[in-house]
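Worksheet: one structure, shown below.
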Amino acid sequence: MPYQIRRVAVIGAGTMGAAIAGLVAGTGLPVLLLDVPPAELAPDEQARGLTLDHPAVRNRIVQQGFDRMCKARPSNLFSAKTASLITLGNTEDDFAKLADADWIVEAIIEQIAPKQALMERIEKVRKPGSLVTTNTSGIPIKMIGEGRSEDLRKHLFGSHFFNPPRYLKLLEIIPGAETDPAAVAALRNFAENTLGKGVVMCKDRPNFVGNRLGVFSMMNDLAFIVNNGYTVEEVDALTGPLIGRPNTASFRLLDLTGIDIIAFVAQNLYKAVPDDESRETYRSTDLPNRMVAAGKLGRKVGQGFYKEMRQGGKREFWPLDLQTLEYRQPQEVTLPLIAEAQKIRSLPERLRFILKRAADDPNDRAAQLIAQTTLPTLAYAARRLPEIADSVADADNAMRWGFAHEMGPFQIWDALGLNEALAMMRQRDIVVPEWVEQLVAQGNTSFYKQQNGQLAAYNVAAREYQPLLRDERAIDLAVLKAQGREIKGNKSASLIDLGDGVLCLEFHSKANAVDGQIIELGLAALEELKNDRWVGLVVGNQGRFFGAGASLMEFAGVIQSGQFDAIDAVARQYQSWMMGMRYAPKPIVTAPFGQTLGGIAEVAMHSACTVASAETYMGLVEFGVGLIPAAGGCKELNRRLIGGAAALPGGDPLKAFQQVFETISQAKVSTSALEARELGFLRPTDQIVMNGDYLIGEAKQMVLQMAADYVPPAPGKYCYALGRDGLAAARVAIYSFAQAGFASEYDAFIADKLAYVLAGGELSSAQWIDEQYILDLEREAFVALLKETKTHERIKAMLETGKPLRN
């Protein structure tokens, strides 16, 4: 039967359940969120004379879960407005509403009896054919569905999200023995396309794939760390970005997860896997249990491996002494390996360097920590296949998507060299499974290889390499360049043929910041686009983020040399590129994602259409370094919001002016693409893509859709200048802020320049003006500010500390 998911219900408003509801609401779908009614009144309810039958009381637990979810930071919601799509209820009064749901998610306490009892109730009200999934992290699906009807068992399976579900890409889907494959395929399609998830198909084994490998890694690491006297700071300095893991590294991640959660999962895993040859690892250290007993549970209680302290008004995070469980002042980490390894940009090369150091020098504490926490995890992942999954790609995807690692265990093994890593393991008496030995004996040198022009991964169950199937939207720019599809390029940017007559302008400068070479290739791309061979252009890349503004290093060089005429010329060239994009005769589609700041946000805003990742953090942040946008950012927000309001009958351009002024002067950055739309950085017609893997592909499809009948905008007066009246209103606000201490004297100085630009200067009356008028004003203000000493100080501080200076 065909499955369509239009309405979703989540039962359980705890941390995971409420966050899953927030994720689904972010896609625009209505969600029903239920939890149990309370068994007794809270003190404040008693004081108000309420009874257990009062609606506010009966929904108290679900309301509290919902409120926590809405207040959490980073936000579970793509926009505060999407919270309105979540309807709250309780499992007594509102249970019958589950009949309207196409997908019911169970996210209650991790105990078998309550889950079984809930399934019995769900069976009585659900509509036939609706999907029912459990967010269990390890209870067998077969046990949860015991005794239920054939239709429920056909539509019951596991859907294990990782916390926080908005940000961690992994969704483990665990079919039961009787689950309808079509039901599983329907949820997988929904998860990948609507929720933006990376799906790993798991076997119904304890803790599935991600947590089975992840918890082993954590407990193995903890035991080695404690037994060898490493400090919290040393470990986190070594096990974060240096080895391809997030900034949370080891101990910050444990604090975020909750030490009690790790202790609970490790204990349960020990009991659940009696046949696991490495089960003793799950109780190889009593540190988590000691911390739980001491109430040091992590961030949720304000103390775990770190505790926030105030010293002389300054905030510090004091690390835990792992022996005494007392907090102490932070100490500088002095491990020479870190500085040496950081010089190596390529992660595979860096890992090879570190592991070789560990093999050559047993006294290098830093290298030994990384080797002894990496190699056992690689071998354990190999020993768990095909028990928990069949392909090495499943294990790699689970660790990359569930824990935000840059590389999974088998990708790391390949980077080290299959035979080389195997030799290191033998040297340390680490057991590898028979299938790895066979793979090597057959002459293979990697777990992944190219096969008939396609990447293939080793499938342990099938004992063969199998091609990795890719959605046609999952375009890989690196692969295209390797195939010779780069048309033009320099050290900061490339022009790539995406096929079907579509070009892609890719940035790859440091932090993808706009520099002279990007502008040069951007203008060259506009020239190339005139060729009849091309139908349109995508502007996008596949780095860590879309881009972090314009190159401050180049501005610092100009300041040193005093060549301000040169910066005016570059700004004119930059503006020319932006206007060339806006008025190009063929469609140009920008594809922002992640940080999209300053000058790069201006690039994103000058396209015919934007196809943005849902996780796009967009803002014009120049104010923080003593500048204002000068590549059309002021002009675009004037055109879109102020001009948009002026064009509407009864519109309020002054209110829109105030919004734009606040957005730029406060350097507001959206926390999602939906918020970027609310701030005016994205248009209502721009597309938002949940799955970032498809971003370039979706942008290409948008170019092709637009190309057939594309007509560029005609030149005209699209900006609206409020003139003296708007400027006067802004100056009153600036004065008030400065007097109240919310803005420094120099903040007020910059703000006045910004207001002058947005208002169109001292025009005697409000009027429509052309875009170039605002462009000239913003460029002149930018160059003038760049000459100011306090702007120099702000730029210097940002380059040296990465933080804005309020001078």
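Following the order of the structure tokens, chains are lettered A, B, ..., residues in each are numbered from 1, and ligands are numbered from 1.
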
Within 10 Å of A:Asp93 using only C-alpha atoms, minus same-chain residues under 6 positions, as JSON, numbers by chain:
{"A": [34, 36, 37, 55, 58, 59]}

How about saving the chosen residues, N, CA and C atoms kept, as a CSV table (one decimal), in the first residue's frame?
```
chain,number,residue,atom,x,y,z
A,34,LEU,N,1.9,14.1,23.1
A,34,LEU,CA,1.2,13.6,24.3
A,34,LEU,C,2.2,13.2,25.4
A,36,VAL,N,1.7,11.7,29.8
A,36,VAL,CA,0.7,11.3,30.8
A,36,VAL,C,0.2,12.5,31.6
A,37,PRO,N,-1.0,12.4,32.1
A,37,PRO,CA,-1.5,13.4,33.1
A,37,PRO,C,-0.9,13.1,34.5
A,55,PRO,N,-7.9,21.2,33.1
A,55,PRO,CA,-7.1,21.0,31.8
A,55,PRO,C,-5.7,21.4,32.0
A,58,ARG,N,-4.0,18.6,33.9
A,58,ARG,CA,-3.9,17.4,33.1
A,58,ARG,C,-2.8,17.4,32.0
A,59,ASN,N,-2.6,18.6,31.5
A,59,ASN,CA,-1.5,18.8,30.5
A,59,ASN,C,-0.2,19.4,31.0
```

Contacts of A:Arg384 at 9 Å or less, counting only C-alpha atoms, minus same-chain residues fewer than 4 places along, as a list in words?
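Skipping anything fewer than 4 positions along the chain leaves Val209, Arg212, Leu213, Asp276, Ala379, Tyr380, Ile388, Ala389 and Pro433 of chain A.
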
Same residues, N, CA, C and O atoms, output as an mmCIF file, in the first residue's frame:
```cif
data_model
loop_
_atom_site.group_PDB
_atom_site.id
_atom_site.type_symbol
_atom_site.label_atom_id
_atom_site.label_comp_id
_atom_site.auth_asym_id
_atom_site.auth_seq_id
_atom_site.Cartn_x
_atom_site.Cartn_y
_atom_site.Cartn_z
ATOM 1 N N VAL A 209 23.715 0.336 16.094
ATOM 2 C CA VAL A 209 25.070 0.552 15.559
ATOM 3 C C VAL A 209 25.779 1.712 16.266
ATOM 4 O O VAL A 209 26.832 1.545 16.868
ATOM 5 N N ARG A 212 26.245 1.267 20.085
ATOM 6 C CA ARG A 212 27.063 0.086 20.393
ATOM 7 C C ARG A 212 28.542 0.442 20.216
ATOM 8 O O ARG A 212 29.379 0.134 21.070
ATOM 9 N N LEU A 213 28.857 1.099 19.118
ATOM 10 C CA LEU A 213 30.249 1.477 18.864
ATOM 11 C C LEU A 213 30.655 2.692 19.698
ATOM 12 O O LEU A 213 31.763 2.748 20.237
ATOM 13 N N ASP A 276 29.367 -10.868 23.747
ATOM 14 C CA ASP A 276 30.339 -9.890 23.242
ATOM 15 C C ASP A 276 31.670 -10.123 23.945
ATOM 16 O O ASP A 276 31.777 -10.014 25.168
ATOM 17 N N ALA A 379 39.101 -1.846 15.696
ATOM 18 C CA ALA A 379 39.024 -3.309 15.739
ATOM 19 C C ALA A 379 37.663 -3.769 16.265
ATOM 20 O O ALA A 379 37.102 -4.758 15.774
ATOM 21 N N TYR A 380 37.138 -3.057 17.268
ATOM 22 C CA TYR A 380 35.827 -3.433 17.814
ATOM 23 C C TYR A 380 34.747 -3.275 16.753
ATOM 24 O O TYR A 380 33.854 -4.129 16.625
ATOM 25 N N ILE A 388 25.795 -6.316 13.885
ATOM 26 C CA ILE A 388 24.917 -5.155 14.037
ATOM 27 C C ILE A 388 24.545 -4.524 12.699
ATOM 28 O O ILE A 388 23.532 -3.832 12.588
ATOM 29 N N ALA A 389 25.358 -4.728 11.682
ATOM 30 C CA ALA A 389 25.095 -4.225 10.332
ATOM 31 C C ALA A 389 25.982 -5.007 9.373
ATOM 32 O O ALA A 389 26.920 -5.683 9.791
ATOM 33 N N PRO A 433 38.917 -9.447 13.621
ATOM 34 C CA PRO A 433 38.136 -10.618 13.227
ATOM 35 C C PRO A 433 38.718 -11.324 12.003
ATOM 36 O O PRO A 433 39.479 -10.735 11.215
#
```

May I have the residues within 8 Å of stretch 82-90 of chain A as a ChimeraX atom specification, using only C-alpha atoms and disregarding those fewer than 6 positions away in the same chain?
/A:21-22,25-26,28-37,58-59,62-63,70

Generate a file of the selected residues that holds all heavy atoms, formatted as a short mmCIF file (atom, residue, chain, number, x, y, z; two decimals), in the first residue's frame.
```cif
data_model
loop_
_atom_site.label_atom_id
_atom_site.label_comp_id
_atom_site.auth_asym_id
_atom_site.auth_seq_id
_atom_site.Cartn_x
_atom_site.Cartn_y
_atom_site.Cartn_z
N ALA A 21 9.31 16.24 18.04
CA ALA A 21 8.14 17.04 17.64
C ALA A 21 8.58 18.37 17.05
O ALA A 21 8.04 18.83 16.05
CB ALA A 21 7.22 17.25 18.84
N GLY A 22 9.60 19.00 17.67
CA GLY A 22 10.10 20.27 17.15
C GLY A 22 10.72 20.12 15.78
O GLY A 22 10.53 20.98 14.91
N ALA A 25 7.85 19.67 13.24
CA ALA A 25 7.14 20.94 13.04
C ALA A 25 7.94 21.88 12.14
O ALA A 25 7.36 22.66 11.38
CB ALA A 25 6.88 21.60 14.39
N GLY A 26 9.26 21.78 12.19
CA GLY A 26 10.10 22.61 11.34
C GLY A 26 9.94 22.34 9.87
O GLY A 26 10.32 23.16 9.04
N GLY A 28 7.00 21.96 8.59
CA GLY A 28 5.68 22.49 8.23
C GLY A 28 4.54 21.52 8.47
O GLY A 28 3.39 21.84 8.15
N LEU A 29 4.82 20.36 9.05
CA LEU A 29 3.78 19.37 9.30
C LEU A 29 3.21 19.54 10.71
O LEU A 29 3.94 19.84 11.65
CB LEU A 29 4.32 17.94 9.15
CG LEU A 29 4.73 17.51 7.74
CD1 LEU A 29 5.31 16.10 7.78
CD2 LEU A 29 3.55 17.57 6.79
N PRO A 30 1.90 19.29 10.89
CA PRO A 30 1.31 19.36 12.23
C PRO A 30 1.70 18.15 13.05
O PRO A 30 1.83 17.04 12.54
CB PRO A 30 -0.20 19.36 11.95
CG PRO A 30 -0.34 18.68 10.63
CD PRO A 30 0.89 19.01 9.84
N VAL A 31 1.92 18.37 14.35
CA VAL A 31 2.37 17.32 15.25
C VAL A 31 1.50 17.32 16.51
O VAL A 31 1.22 18.38 17.07
CB VAL A 31 3.84 17.53 15.69
CG1 VAL A 31 4.35 16.32 16.46
CG2 VAL A 31 4.74 17.81 14.51
N LEU A 32 1.11 16.14 16.93
CA LEU A 32 0.43 15.96 18.20
C LEU A 32 1.44 15.42 19.20
O LEU A 32 2.08 14.41 18.95
CB LEU A 32 -0.74 14.96 18.05
CG LEU A 32 -1.47 14.56 19.34
CD1 LEU A 32 -2.22 15.75 19.93
CD2 LEU A 32 -2.43 13.40 19.06
N LEU A 33 1.63 16.12 20.33
CA LEU A 33 2.58 15.70 21.36
C LEU A 33 1.82 15.36 22.63
O LEU A 33 1.11 16.21 23.19
CB LEU A 33 3.58 16.82 21.63
CG LEU A 33 4.65 16.56 22.69
CD1 LEU A 33 5.54 15.37 22.29
CD2 LEU A 33 5.50 17.81 22.93
N LEU A 34 1.94 14.12 23.08
CA LEU A 34 1.21 13.64 24.26
C LEU A 34 2.16 13.20 25.36
O LEU A 34 3.26 12.72 25.07
CB LEU A 34 0.31 12.44 23.89
CG LEU A 34 -0.71 12.60 22.78
CD1 LEU A 34 -1.49 11.29 22.60
CD2 LEU A 34 -1.67 13.75 23.07
N ASP A 35 1.71 13.35 26.59
CA ASP A 35 2.38 12.74 27.73
C ASP A 35 1.32 12.42 28.78
O ASP A 35 0.16 12.81 28.64
CB ASP A 35 3.48 13.65 28.30
CG ASP A 35 4.64 12.82 28.89
OD1 ASP A 35 4.35 11.84 29.60
OD2 ASP A 35 5.80 13.16 28.63
N VAL A 36 1.72 11.74 29.84
CA VAL A 36 0.75 11.29 30.84
C VAL A 36 0.22 12.46 31.64
O VAL A 36 0.92 13.46 31.85
CB VAL A 36 1.40 10.26 31.79
CG1 VAL A 36 1.78 9.00 31.06
CG2 VAL A 36 2.60 10.88 32.50
N PRO A 37 -1.02 12.37 32.14
CA PRO A 37 -1.51 13.37 33.10
C PRO A 37 -0.88 13.11 34.46
O PRO A 37 -0.55 11.96 34.78
CB PRO A 37 -3.01 13.13 33.11
CG PRO A 37 -3.18 11.70 32.73
CD PRO A 37 -2.04 11.38 31.80
N ARG A 58 -3.97 18.62 33.88
CA ARG A 58 -3.87 17.37 33.13
C ARG A 58 -2.82 17.43 32.02
O ARG A 58 -2.24 16.41 31.64
CB ARG A 58 -5.25 16.98 32.56
CG ARG A 58 -6.24 16.64 33.66
CD ARG A 58 -7.55 16.11 33.13
NE ARG A 58 -7.45 14.76 32.54
CZ ARG A 58 -7.30 13.65 33.25
NH1 ARG A 58 -7.18 13.70 34.56
NH2 ARG A 58 -7.26 12.48 32.64
N ASN A 59 -2.55 18.62 31.54
CA ASN A 59 -1.52 18.79 30.49
C ASN A 59 -0.23 19.37 31.04
O ASN A 59 0.62 19.82 30.28
CB ASN A 59 -2.05 19.69 29.37
CG ASN A 59 -2.95 18.95 28.40
OD1 ASN A 59 -3.14 17.74 28.52
ND2 ASN A 59 -3.51 19.66 27.44
N VAL A 62 3.12 17.48 29.79
CA VAL A 62 3.44 17.71 28.38
C VAL A 62 3.79 19.18 28.15
O VAL A 62 4.68 19.50 27.34
CB VAL A 62 2.28 17.26 27.47
CG1 VAL A 62 1.06 18.16 27.59
CG2 VAL A 62 2.73 17.18 26.02
N GLN A 63 3.13 20.09 28.87
CA GLN A 63 3.43 21.51 28.73
C GLN A 63 4.86 21.80 29.19
O GLN A 63 5.59 22.57 28.55
CB GLN A 63 2.45 22.34 29.55
CG GLN A 63 2.62 23.84 29.38
CD GLN A 63 2.18 24.34 28.01
OE1 GLN A 63 1.06 24.07 27.57
NE2 GLN A 63 3.06 25.04 27.31
N CYS A 70 11.27 24.33 23.84
CA CYS A 70 11.27 25.64 23.20
C CYS A 70 12.40 26.53 23.72
O CYS A 70 12.93 27.36 22.99
CB CYS A 70 9.93 26.34 23.41
SG CYS A 70 8.55 25.59 22.51
#
```

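You can rank A:Gly726, A:Ile370, A:Leu754, A:Ala237 by their closest distance to A:Leu335 using only C-alpha atoms, and at the top of that list sits A:Ala237.
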
Point out the residue among A:Ala743, A:Ala177, A:Leu351, A:Ala714 with the least atom-to-atom distance to A:Ile141, counting only C-alpha atoms.
A:Ala177

Write out as number ranges by chain the set of residues from stretch 315-471 of chain A that DSSP, computed on the backbone, places in alpha helix (DSSP H).
A: 336-342, 347-360, 365-383, 392-403, 409-416, 418-427, 434-441

Pick out each residue of stretch 115-324 of chain A that DSSP on the backbone tags as strand (DSSP E); I need them as a PDB file with N, CA, C and O atoms, in the first residue's frame.
```pdb
ATOM      1  N   LEU A 131       2.046   4.099  10.377  1.00  0.00           N
ATOM      2  CA  LEU A 131       3.355   3.651  10.838  1.00  0.00           C
ATOM      3  C   LEU A 131       3.468   3.893  12.347  1.00  0.00           C
ATOM      4  O   LEU A 131       3.064   4.952  12.843  1.00  0.00           O
ATOM      5  N   VAL A 132       4.013   2.925  13.051  1.00  0.00           N
ATOM      6  CA  VAL A 132       4.246   3.061  14.483  1.00  0.00           C
ATOM      7  C   VAL A 132       5.714   2.712  14.736  1.00  0.00           C
ATOM      8  O   VAL A 132       6.147   1.597  14.426  1.00  0.00           O
ATOM      9  N   THR A 133       6.466   3.653  15.273  1.00  0.00           N
ATOM     10  CA  THR A 133       7.881   3.372  15.522  1.00  0.00           C
ATOM     11  C   THR A 133       8.224   3.692  16.974  1.00  0.00           C
ATOM     12  O   THR A 133       7.592   4.530  17.615  1.00  0.00           O
ATOM     13  N   THR A 134       9.231   3.024  17.458  1.00  0.00           N
ATOM     14  CA  THR A 134       9.731   3.249  18.806  1.00  0.00           C
ATOM     15  C   THR A 134      11.111   3.885  18.739  1.00  0.00           C
ATOM     16  O   THR A 134      11.931   3.507  17.910  1.00  0.00           O
ATOM     17  N   LEU A 156       5.224  -1.849  12.671  1.00  0.00           N
ATOM     18  CA  LEU A 156       5.992  -1.478  13.850  1.00  0.00           C
ATOM     19  C   LEU A 156       7.479  -1.733  13.619  1.00  0.00           C
ATOM     20  O   LEU A 156       7.875  -2.831  13.223  1.00  0.00           O
ATOM     21  N   PHE A 157       8.305  -0.717  13.882  1.00  0.00           N
ATOM     22  CA  PHE A 157       9.753  -0.887  13.790  1.00  0.00           C
ATOM     23  C   PHE A 157      10.436   0.224  14.577  1.00  0.00           C
ATOM     24  O   PHE A 157       9.775   1.085  15.170  1.00  0.00           O
ATOM     25  N   GLY A 158      11.745   0.192  14.633  1.00  0.00           N
ATOM     26  CA  GLY A 158      12.493   1.176  15.403  1.00  0.00           C
ATOM     27  C   GLY A 158      12.885   2.383  14.568  1.00  0.00           C
ATOM     28  O   GLY A 158      13.218   2.256  13.389  1.00  0.00           O
ATOM     29  N   SER A 159      12.842   3.550  15.181  1.00  0.00           N
ATOM     30  CA  SER A 159      13.351   4.786  14.550  1.00  0.00           C
ATOM     31  C   SER A 159      14.115   5.529  15.636  1.00  0.00           C
ATOM     32  O   SER A 159      13.545   6.293  16.396  1.00  0.00           O
ATOM     33  N   HIS A 160      15.403   5.277  15.717  1.00  0.00           N
ATOM     34  CA  HIS A 160      16.220   5.793  16.812  1.00  0.00           C
ATOM     35  C   HIS A 160      16.928   7.074  16.394  1.00  0.00           C
ATOM     36  O   HIS A 160      17.885   7.049  15.617  1.00  0.00           O
ATOM     37  N   PHE A 161      16.425   8.198  16.901  1.00  0.00           N
ATOM     38  CA  PHE A 161      17.041   9.498  16.649  1.00  0.00           C
ATOM     39  C   PHE A 161      18.206   9.701  17.619  1.00  0.00           C
ATOM     40  O   PHE A 161      18.245   9.126  18.698  1.00  0.00           O
ATOM     41  N   LEU A 170      21.982  11.460  12.110  1.00  0.00           N
ATOM     42  CA  LEU A 170      21.703  10.022  12.089  1.00  0.00           C
ATOM     43  C   LEU A 170      20.279   9.680  12.522  1.00  0.00           C
ATOM     44  O   LEU A 170      19.787  10.167  13.531  1.00  0.00           O
ATOM     45  N   LEU A 171      19.650   8.829  11.750  1.00  0.00           N
ATOM     46  CA  LEU A 171      18.430   8.135  12.166  1.00  0.00           C
ATOM     47  C   LEU A 171      18.649   6.657  11.901  1.00  0.00           C
ATOM     48  O   LEU A 171      18.838   6.250  10.750  1.00  0.00           O
ATOM     49  N   GLU A 172      18.653   5.871  12.942  1.00  0.00           N
ATOM     50  CA  GLU A 172      18.765   4.425  12.784  1.00  0.00           C
ATOM     51  C   GLU A 172      17.364   3.850  12.627  1.00  0.00           C
ATOM     52  O   GLU A 172      16.486   4.099  13.460  1.00  0.00           O
ATOM     53  N   ILE A 173      17.156   3.112  11.564  1.00  0.00           N
ATOM     54  CA  ILE A 173      15.878   2.426  11.346  1.00  0.00           C
ATOM     55  C   ILE A 173      16.122   0.942  11.554  1.00  0.00           C
ATOM     56  O   ILE A 173      17.040   0.363  10.965  1.00  0.00           O
ATOM     57  N   ILE A 174      15.274   0.345  12.418  1.00  0.00           N
ATOM     58  CA  ILE A 174      15.463  -1.049  12.804  1.00  0.00           C
ATOM     59  C   ILE A 174      14.190  -1.823  12.481  1.00  0.00           C
ATOM     60  O   ILE A 174      13.222  -1.798  13.253  1.00  0.00           O
ATOM     61  N   PRO A 175      14.132  -2.494  11.356  1.00  0.00           N
ATOM     62  CA  PRO A 175      12.926  -3.271  11.031  1.00  0.00           C
ATOM     63  C   PRO A 175      12.789  -4.477  11.954  1.00  0.00           C
ATOM     64  O   PRO A 175      13.783  -5.075  12.377  1.00  0.00           O
ATOM     65  N   GLY A 198      20.236  11.240   7.677  1.00  0.00           N
ATOM     66  CA  GLY A 198      21.022  10.181   7.069  1.00  0.00           C
ATOM     67  C   GLY A 198      20.599   8.890   7.737  1.00  0.00           C
ATOM     68  O   GLY A 198      20.709   8.747   8.961  1.00  0.00           O
ATOM     69  N   VAL A 199      20.085   7.953   6.980  1.00  0.00           N
ATOM     70  CA  VAL A 199      19.507   6.733   7.546  1.00  0.00           C
ATOM     71  C   VAL A 199      20.519   5.597   7.489  1.00  0.00           C
ATOM     72  O   VAL A 199      21.154   5.354   6.457  1.00  0.00           O
ATOM     73  N   VAL A 200      20.661   4.904   8.617  1.00  0.00           N
ATOM     74  CA  VAL A 200      21.431   3.664   8.677  1.00  0.00           C
ATOM     75  C   VAL A 200      20.455   2.550   9.043  1.00  0.00           C
ATOM     76  O   VAL A 200      19.761   2.637  10.052  1.00  0.00           O
ATOM     77  N   MET A 201      20.407   1.516   8.196  1.00  0.00           N
ATOM     78  CA  MET A 201      19.559   0.363   8.474  1.00  0.00           C
ATOM     79  C   MET A 201      20.303  -0.564   9.425  1.00  0.00           C
ATOM     80  O   MET A 201      21.417  -1.001   9.133  1.00  0.00           O
ATOM     81  N   TYR A 306      33.261  19.336  33.742  1.00  0.00           N
ATOM     82  CA  TYR A 306      33.567  20.758  33.872  1.00  0.00           C
ATOM     83  C   TYR A 306      32.520  21.405  34.778  1.00  0.00           C
ATOM     84  O   TYR A 306      31.376  20.944  34.851  1.00  0.00           O
ATOM     85  N   LYS A 307      32.916  22.476  35.427  1.00  0.00           N
ATOM     86  CA  LYS A 307      31.985  23.263  36.236  1.00  0.00           C
ATOM     87  C   LYS A 307      32.255  24.742  35.979  1.00  0.00           C
ATOM     88  O   LYS A 307      33.404  25.185  36.020  1.00  0.00           O
ATOM     89  N   GLU A 308      31.198  25.475  35.685  1.00  0.00           N
ATOM     90  CA  GLU A 308      31.347  26.907  35.444  1.00  0.00           C
ATOM     91  C   GLU A 308      31.599  27.624  36.768  1.00  0.00           C
ATOM     92  O   GLU A 308      30.867  27.444  37.737  1.00  0.00           O
ATOM     93  N   MET A 309      32.656  28.437  36.789  1.00  0.00           N
ATOM     94  CA  MET A 309      33.032  29.179  37.993  1.00  0.00           C
ATOM     95  C   MET A 309      33.183  30.654  37.639  1.00  0.00           C
ATOM     96  O   MET A 309      33.452  31.012  36.489  1.00  0.00           O
ATOM     97  N   ARG A 310      33.025  31.505  38.632  1.00  0.00           N
ATOM     98  CA  ARG A 310      33.231  32.949  38.467  1.00  0.00           C
ATOM     99  C   ARG A 310      34.441  33.374  39.278  1.00  0.00           C
ATOM    100  O   ARG A 310      34.480  33.164  40.494  1.00  0.00           O
ATOM    101  N   GLN A 311      35.424  33.910  38.603  1.00  0.00           N
ATOM    102  CA  GLN A 311      36.638  34.358  39.262  1.00  0.00           C
ATOM    103  C   GLN A 311      36.853  35.839  38.938  1.00  0.00           C
ATOM    104  O   GLN A 311      37.187  36.194  37.803  1.00  0.00           O
ATOM    105  N   LYS A 314      34.969  37.073  36.064  1.00  0.00           N
ATOM    106  CA  LYS A 314      35.258  36.395  34.801  1.00  0.00           C
ATOM    107  C   LYS A 314      34.750  34.954  34.863  1.00  0.00           C
ATOM    108  O   LYS A 314      34.934  34.263  35.871  1.00  0.00           O
ATOM    109  N   ARG A 315      34.134  34.507  33.786  1.00  0.00           N
ATOM    110  CA  ARG A 315      33.622  33.143  33.741  1.00  0.00           C
ATOM    111  C   ARG A 315      34.723  32.179  33.312  1.00  0.00           C
ATOM    112  O   ARG A 315      35.413  32.419  32.328  1.00  0.00           O
ATOM    113  N   GLU A 316      34.871  31.099  34.070  1.00  0.00           N
ATOM    114  CA  GLU A 316      35.836  30.053  33.740  1.00  0.00           C
ATOM    115  C   GLU A 316      35.176  28.695  33.880  1.00  0.00           C
ATOM    116  O   GLU A 316      34.223  28.526  34.642  1.00  0.00           O
ATOM    117  N   PHE A 317      35.699  27.733  33.138  1.00  0.00           N
ATOM    118  CA  PHE A 317      35.217  26.361  33.262  1.00  0.00           C
ATOM    119  C   PHE A 317      36.335  25.532  33.893  1.00  0.00           C
ATOM    120  O   PHE A 317      37.366  25.278  33.272  1.00  0.00           O
ATOM    121  N   TRP A 318      36.115  25.148  35.126  1.00  0.00           N
ATOM    122  CA  TRP A 318      37.120  24.385  35.860  1.00  0.00           C
ATOM    123  C   TRP A 318      36.954  22.899  35.574  1.00  0.00           C
ATOM    124  O   TRP A 318      35.842  22.368  35.665  1.00  0.00           O
ATOM    125  N   PRO A 319      38.046  22.225  35.264  1.00  0.00           N
ATOM    126  CA  PRO A 319      37.961  20.786  34.980  1.00  0.00           C
ATOM    127  C   PRO A 319      37.966  19.952  36.263  1.00  0.00           C
ATOM    128  O   PRO A 319      38.429  20.397  37.320  1.00  0.00           O
TER     129      PRO A 319
END
```

What separation in Å, quoted to one decimal, exists between atom CA of A:Phe305 and atom CA of A:Pro246?
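Atom CA of A:Pro246 lies at a distance of 16.8 Å from atom CA of A:Phe305.
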
Distance in Å - atom CA of A:Ala673 versus atom CA of A:Thr15
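Distance between the two atoms: 23.5 Å.
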
Can you pull out the residues contacting A:Lys655? Cut-off 9 Å, using only C-alpha atoms, and skip same-chain residues under 4 positions away; I want them as a ChimeraX atom specification.
/A:642,645,651,659-660

Expressed in Å to a single decimal, how great is the separation between atom CA of A:Phe251 and atom CA of A:Lys296?
12.5 Å

Exercise: A:Asp652 partners within 12 Å, only C-alpha atoms, chain neighbours under 4 positions left out, as a list in words:
Leu641, Ile642, Gly643, Gly644, Ala645, Ala646, Ala647, Leu648, Ala656, Phe657, Gln658, Gln659, Tyr720, Leu722 and Gly726 of chain A

Who sits within 12 Å of A:Gly716, only C-alpha atoms, same chain under 3 positions skipped, as a PyMOL selection string
chain A and resi 583+639+713+719-720+768-773

Sorted by chain and rising residue number, which residues of stretch 294-405 of chain A lie within 12 Å of stretch 442-453 of chain A, and what are their closest atom pairs and distances in Å to one decimal, counting only C-alpha atoms, as a Markdown table?
```
| residue | atom | partner | partner_atom | distance |
| --- | --- | --- | --- | --- |
| A:Ala382 | CA | A:Phe447 | CA | 10.7 |
| A:Ser391 | CA | A:Phe447 | CA | 9.7 |
| A:Val392 | CA | A:Phe447 | CA | 7.3 |
| A:Ala393 | CA | A:Tyr448 | CA | 8.6 |
| A:Ala395 | CA | A:Phe447 | CA | 11.8 |
| A:Asp396 | CA | A:Phe447 | CA | 11.0 |
```

Which residues are close to A:Lys71, i.e. within 12 Å by only C-alpha atoms, leaving aside same-chain residues fewer than 3 positions away? Reply as an MDAnalysis selection string.
chainID A and resid 15 18:19 22 64:68 74:77 79:80 83

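Nearest to A:Asn207 of all the residues A:Glu110, A:Glu280, A:Asp471, A:Asp776 is A:Glu110, based on only C-alpha atoms.
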
Which of these residues is nearest to A:Glu527, using only C-alpha atoms: A:Phe681, A:Trp577, A:Phe410, A:Phe661?
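The shortest atom-to-atom distance to A:Glu527 comes from A:Trp577.
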